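> Input file: data11.txt. Contents: compact mmCIF, N, CA and C atoms.
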# COMPACT_ATOMS: atom_id res chain seq x y z
N MET A 1212 78.35 89.48 124.35
CA MET A 1212 79.42 90.46 124.37
C MET A 1212 80.51 90.12 123.36
N ALA A 1213 80.87 88.85 123.23
CA ALA A 1213 81.92 88.46 122.30
C ALA A 1213 81.52 88.76 120.86
N GLU A 1214 80.23 88.65 120.53
CA GLU A 1214 79.80 88.93 119.17
C GLU A 1214 80.05 90.39 118.79
N ALA A 1215 79.91 91.32 119.75
CA ALA A 1215 80.13 92.73 119.47
C ALA A 1215 81.57 93.01 119.05
N ALA A 1216 82.50 92.22 119.53
CA ALA A 1216 83.91 92.41 119.18
C ALA A 1216 84.16 92.16 117.70
N PHE A 1217 83.28 91.42 117.04
CA PHE A 1217 83.46 91.07 115.64
C PHE A 1217 82.45 91.77 114.73
N SER A 1218 81.74 92.74 115.26
CA SER A 1218 80.78 93.46 114.44
C SER A 1218 81.52 94.40 113.49
N PRO A 1219 80.92 94.73 112.35
CA PRO A 1219 81.60 95.62 111.39
C PRO A 1219 81.91 96.97 112.02
N LEU A 1220 82.98 97.60 111.56
CA LEU A 1220 83.34 98.92 112.04
C LEU A 1220 82.35 99.96 111.53
N THR A 1221 82.10 100.96 112.35
CA THR A 1221 81.28 102.09 111.92
C THR A 1221 82.13 102.99 111.04
N ASP A 1222 81.51 103.92 110.33
CA ASP A 1222 82.27 104.87 109.51
C ASP A 1222 83.25 105.66 110.37
N ALA A 1223 82.83 106.05 111.56
CA ALA A 1223 83.70 106.81 112.46
C ALA A 1223 84.90 105.96 112.89
N GLU A 1224 84.68 104.68 113.17
CA GLU A 1224 85.78 103.80 113.57
C GLU A 1224 86.75 103.59 112.41
N ARG A 1225 86.23 103.44 111.20
CA ARG A 1225 87.10 103.28 110.02
C ARG A 1225 87.96 104.52 109.84
N HIS A 1226 87.35 105.69 109.98
CA HIS A 1226 88.09 106.93 109.81
C HIS A 1226 89.19 107.05 110.87
N ALA A 1227 88.86 106.73 112.11
CA ALA A 1227 89.83 106.82 113.20
C ALA A 1227 90.98 105.83 113.01
N ALA A 1228 90.71 104.70 112.38
CA ALA A 1228 91.73 103.66 112.22
C ALA A 1228 92.57 103.84 110.97
N SER A 1229 92.21 104.78 110.11
CA SER A 1229 92.95 104.95 108.87
C SER A 1229 94.36 105.44 109.17
N ALA A 1230 95.31 104.93 108.41
CA ALA A 1230 96.72 105.27 108.63
C ALA A 1230 97.09 106.47 107.77
N THR A 1231 97.87 107.36 108.32
CA THR A 1231 98.37 108.51 107.58
C THR A 1231 99.88 108.46 107.58
N SER A 1232 100.46 108.54 106.41
CA SER A 1232 101.92 108.54 106.30
C SER A 1232 102.46 109.90 106.74
N GLN A 1233 103.40 109.89 107.66
CA GLN A 1233 104.01 111.14 108.11
C GLN A 1233 104.85 111.76 107.01
N ASP A 1234 105.37 110.93 106.10
CA ASP A 1234 106.23 111.44 105.04
C ASP A 1234 105.44 112.10 103.92
N THR A 1235 104.30 111.53 103.56
CA THR A 1235 103.56 112.02 102.40
C THR A 1235 102.25 112.70 102.77
N GLY A 1236 101.75 112.47 103.98
CA GLY A 1236 100.46 113.03 104.35
C GLY A 1236 99.29 112.31 103.73
N VAL A 1237 99.53 111.16 103.10
CA VAL A 1237 98.47 110.40 102.45
C VAL A 1237 97.68 109.65 103.50
N GLU A 1238 96.37 109.76 103.44
CA GLU A 1238 95.50 109.02 104.35
C GLU A 1238 94.94 107.82 103.61
N TRP A 1239 95.23 106.62 104.10
CA TRP A 1239 94.80 105.39 103.47
C TRP A 1239 93.43 104.98 104.00
N GLN A 1240 92.54 104.58 103.12
CA GLN A 1240 91.21 104.12 103.49
C GLN A 1240 91.10 102.64 103.11
N PRO A 1241 90.84 101.76 104.07
CA PRO A 1241 90.70 100.34 103.73
C PRO A 1241 89.48 100.10 102.86
N ILE A 1242 89.63 99.19 101.92
CA ILE A 1242 88.52 98.77 101.06
C ILE A 1242 88.17 97.35 101.48
N GLN A 1243 86.97 97.18 102.04
CA GLN A 1243 86.53 95.87 102.50
C GLN A 1243 85.10 95.64 102.04
N PRO A 1244 84.82 94.50 101.47
CA PRO A 1244 85.76 93.40 101.21
C PRO A 1244 86.75 93.76 100.12
N VAL A 1245 87.85 93.03 100.10
CA VAL A 1245 88.89 93.21 99.09
C VAL A 1245 88.30 92.81 97.73
N PRO A 1246 88.54 93.60 96.68
CA PRO A 1246 88.04 93.22 95.35
C PRO A 1246 88.60 91.87 94.91
N ASP A 1247 87.81 91.13 94.18
CA ASP A 1247 88.25 89.82 93.67
C ASP A 1247 89.52 89.97 92.83
N GLY A 1248 90.41 89.02 92.96
CA GLY A 1248 91.61 88.97 92.15
C GLY A 1248 92.80 89.72 92.70
N VAL A 1249 92.67 90.39 93.85
CA VAL A 1249 93.80 91.12 94.43
C VAL A 1249 94.76 90.12 95.07
N ASP A 1250 96.04 90.25 94.75
CA ASP A 1250 97.06 89.35 95.28
C ASP A 1250 97.66 89.95 96.55
N LEU A 1251 97.43 89.31 97.69
CA LEU A 1251 97.98 89.78 98.96
C LEU A 1251 99.28 89.07 99.33
N THR A 1252 99.90 88.37 98.39
CA THR A 1252 101.13 87.63 98.69
C THR A 1252 102.37 88.38 98.21
N VAL A 1253 102.26 89.67 97.99
CA VAL A 1253 103.39 90.46 97.52
C VAL A 1253 104.50 90.43 98.58
N PRO A 1254 105.74 90.14 98.19
CA PRO A 1254 106.83 90.10 99.17
C PRO A 1254 107.00 91.45 99.86
N HIS A 1255 107.39 91.42 101.12
CA HIS A 1255 107.63 92.63 101.89
C HIS A 1255 108.98 93.20 101.51
N HIS A 1256 109.11 94.51 101.43
CA HIS A 1256 110.34 95.14 100.97
C HIS A 1256 111.54 94.83 101.86
N ARG A 1257 111.31 94.55 103.14
CA ARG A 1257 112.41 94.31 104.06
C ARG A 1257 112.49 92.86 104.52
N LEU A 1258 111.34 92.20 104.63
CA LEU A 1258 111.30 90.86 105.23
C LEU A 1258 111.23 89.73 104.22
N GLY A 1259 111.05 90.03 102.96
CA GLY A 1259 111.00 88.99 101.93
C GLY A 1259 109.60 88.41 101.78
N SER A 1260 109.54 87.14 101.42
CA SER A 1260 108.26 86.46 101.20
C SER A 1260 107.73 85.89 102.51
N PRO A 1261 106.41 85.95 102.72
CA PRO A 1261 105.85 85.40 103.96
C PRO A 1261 105.92 83.88 103.98
N SER A 1262 106.10 83.32 105.18
CA SER A 1262 106.10 81.86 105.32
C SER A 1262 104.68 81.32 105.51
N ALA A 1263 103.77 82.19 105.91
CA ALA A 1263 102.36 81.79 106.08
C ALA A 1263 101.49 83.03 105.94
N ILE A 1264 100.27 82.83 105.48
CA ILE A 1264 99.29 83.92 105.36
C ILE A 1264 97.97 83.41 105.88
N TRP A 1265 97.36 84.20 106.77
CA TRP A 1265 96.02 83.88 107.28
C TRP A 1265 95.06 84.90 106.70
N ARG A 1266 94.02 84.41 106.05
CA ARG A 1266 93.02 85.29 105.44
C ARG A 1266 91.81 85.39 106.36
N TYR A 1267 91.32 86.60 106.55
CA TYR A 1267 90.15 86.85 107.38
C TYR A 1267 89.01 87.28 106.47
N VAL A 1268 87.88 86.59 106.60
CA VAL A 1268 86.75 86.81 105.72
C VAL A 1268 85.52 87.23 106.52
N ASP A 1269 84.55 87.81 105.81
CA ASP A 1269 83.29 88.18 106.46
C ASP A 1269 82.34 86.98 106.45
N ALA A 1270 81.13 87.18 106.92
CA ALA A 1270 80.15 86.09 107.03
C ALA A 1270 79.80 85.47 105.69
N ASN A 1271 80.04 86.21 104.59
CA ASN A 1271 79.76 85.70 103.25
C ASN A 1271 80.99 85.13 102.56
N GLY A 1272 82.09 85.01 103.29
CA GLY A 1272 83.30 84.43 102.73
C GLY A 1272 84.14 85.39 101.92
N ARG A 1273 83.82 86.69 101.95
CA ARG A 1273 84.60 87.68 101.20
C ARG A 1273 85.81 88.12 102.02
N LEU A 1274 86.95 88.21 101.37
CA LEU A 1274 88.19 88.56 102.04
C LEU A 1274 88.15 89.99 102.56
N LEU A 1275 88.49 90.17 103.84
CA LEU A 1275 88.55 91.50 104.45
C LEU A 1275 89.99 92.00 104.53
N PHE A 1276 90.90 91.13 104.99
CA PHE A 1276 92.32 91.45 105.11
C PHE A 1276 93.06 90.16 105.38
N ALA A 1277 94.37 90.23 105.46
CA ALA A 1277 95.19 89.06 105.74
C ALA A 1277 96.29 89.45 106.72
N VAL A 1278 96.84 88.46 107.38
CA VAL A 1278 98.00 88.64 108.25
C VAL A 1278 99.07 87.68 107.75
N ALA A 1279 100.28 88.21 107.57
CA ALA A 1279 101.38 87.40 107.05
C ALA A 1279 102.44 87.21 108.12
N ARG A 1280 102.99 86.00 108.13
CA ARG A 1280 104.11 85.67 109.03
C ARG A 1280 105.39 85.67 108.22
N PHE A 1281 106.40 86.35 108.77
CA PHE A 1281 107.71 86.38 108.16
C PHE A 1281 108.71 85.78 109.14
N ASP A 1282 109.46 84.77 108.70
CA ASP A 1282 110.49 84.16 109.53
C ASP A 1282 111.78 84.95 109.32
N LYS A 1283 112.36 85.39 110.43
CA LYS A 1283 113.58 86.19 110.37
C LYS A 1283 114.81 85.28 110.46
N GLY A 1284 115.90 85.78 109.96
CA GLY A 1284 117.15 85.01 109.95
C GLY A 1284 117.67 84.65 111.32
N ASN A 1285 117.31 85.41 112.34
CA ASN A 1285 117.81 85.16 113.69
C ASN A 1285 116.93 84.18 114.47
N GLY A 1286 115.99 83.52 113.78
CA GLY A 1286 115.09 82.57 114.43
C GLY A 1286 113.80 83.20 114.91
N GLY A 1287 113.70 84.51 114.84
CA GLY A 1287 112.48 85.20 115.25
C GLY A 1287 111.45 85.20 114.15
N LYS A 1288 110.33 85.81 114.43
CA LYS A 1288 109.26 85.91 113.45
C LYS A 1288 108.56 87.26 113.63
N GLU A 1289 107.93 87.71 112.57
CA GLU A 1289 107.19 88.96 112.61
C GLU A 1289 105.88 88.78 111.87
N PHE A 1290 104.81 89.33 112.41
CA PHE A 1290 103.50 89.24 111.81
C PHE A 1290 103.06 90.63 111.37
N LEU A 1291 102.62 90.75 110.12
CA LEU A 1291 102.19 92.03 109.59
C LEU A 1291 100.83 91.90 108.91
N PRO A 1292 99.95 92.88 109.11
CA PRO A 1292 98.66 92.86 108.43
C PRO A 1292 98.82 93.32 106.98
N PHE A 1293 98.00 92.79 106.11
CA PHE A 1293 97.90 93.22 104.73
C PHE A 1293 96.46 93.57 104.45
N SER A 1294 96.21 94.77 103.99
CA SER A 1294 94.86 95.14 103.63
C SER A 1294 94.90 95.93 102.33
N PHE A 1295 93.79 95.95 101.64
CA PHE A 1295 93.68 96.65 100.37
C PHE A 1295 93.14 98.04 100.68
N CYS A 1296 93.85 99.08 100.24
CA CYS A 1296 93.48 100.44 100.60
C CYS A 1296 93.45 101.34 99.37
N ASP A 1297 92.79 102.46 99.55
CA ASP A 1297 92.73 103.51 98.54
C ASP A 1297 93.22 104.79 99.19
N ASP A 1298 93.86 105.64 98.43
CA ASP A 1298 94.28 106.93 98.99
C ASP A 1298 93.55 108.07 98.33
Let me see the file written as structure tokens.

Amino acid sequence: MAEAAFSPLTDAERHAASATSQDTGVEWQPIQPVPDGVDLTVPHHRLGSPSAIWRYVDANGRLLFAVARFDKGNGGKEFLPFSFCDD
């Protein structure tokens, strides 16, 4: 059962999970694996530079997405996903 939780998404699941901007109506489609050479360490417009980044890879070691930790000035922290998408 645990293995099923990590199985690749179906096309229908990818479509359902795609984000749509309410402001622009743009529907983002994730590109996985991420193309070689893409920099996922771009500073966040509001939170600055991440203090840590965890990269998630497939069975062949190809990058799928990353999660970044941002330390806030009030002692808190925030975690945000980073993925490579096409519109």
> Find the distance between atom N of Ala1270 (chain A) and atom C of Ile1242 (chain A) and write it in Å to one decimal.
13.5 Å
> Tell me, in Å to one decimal, how far CA of Asp1222 (chain A) is from CA of His1255 (chain A).
29.2 Å
> Between CA of Gly1287 (chain A) and CA of His1256 (chain A), measure the distance and give it in Å to one decimal.
17.5 Å
> Residues proximal to (90.5, 90.1, 103.0) were defined as those with any atom within 9 Å of that point in the file's coordinates, counting only C-alpha atoms. Which are they, as a PyMOL selection string?
chain A and resi 1243-1246+1251+1266-1269+1273-1277+1293-1295
> Counting only N, CA and C atoms, which residue out of A:Cys1296, A:Leu1258, A:Ala1223, A:Ala1279 sits closest to Trp1239 (chain A)?
A:Cys1296
> Kindly compute an axis-aligned box around the listed atoms of region 1259-1262 of chain A, allowing 4 Å on each side, and express its centre and edge lengths in Å to one decimal as JSON.

{"center_x": 107.9, "center_y": 85.7, "center_z": 103.4, "size_x": 14.4, "size_y": 16.7, "size_z": 12.3}
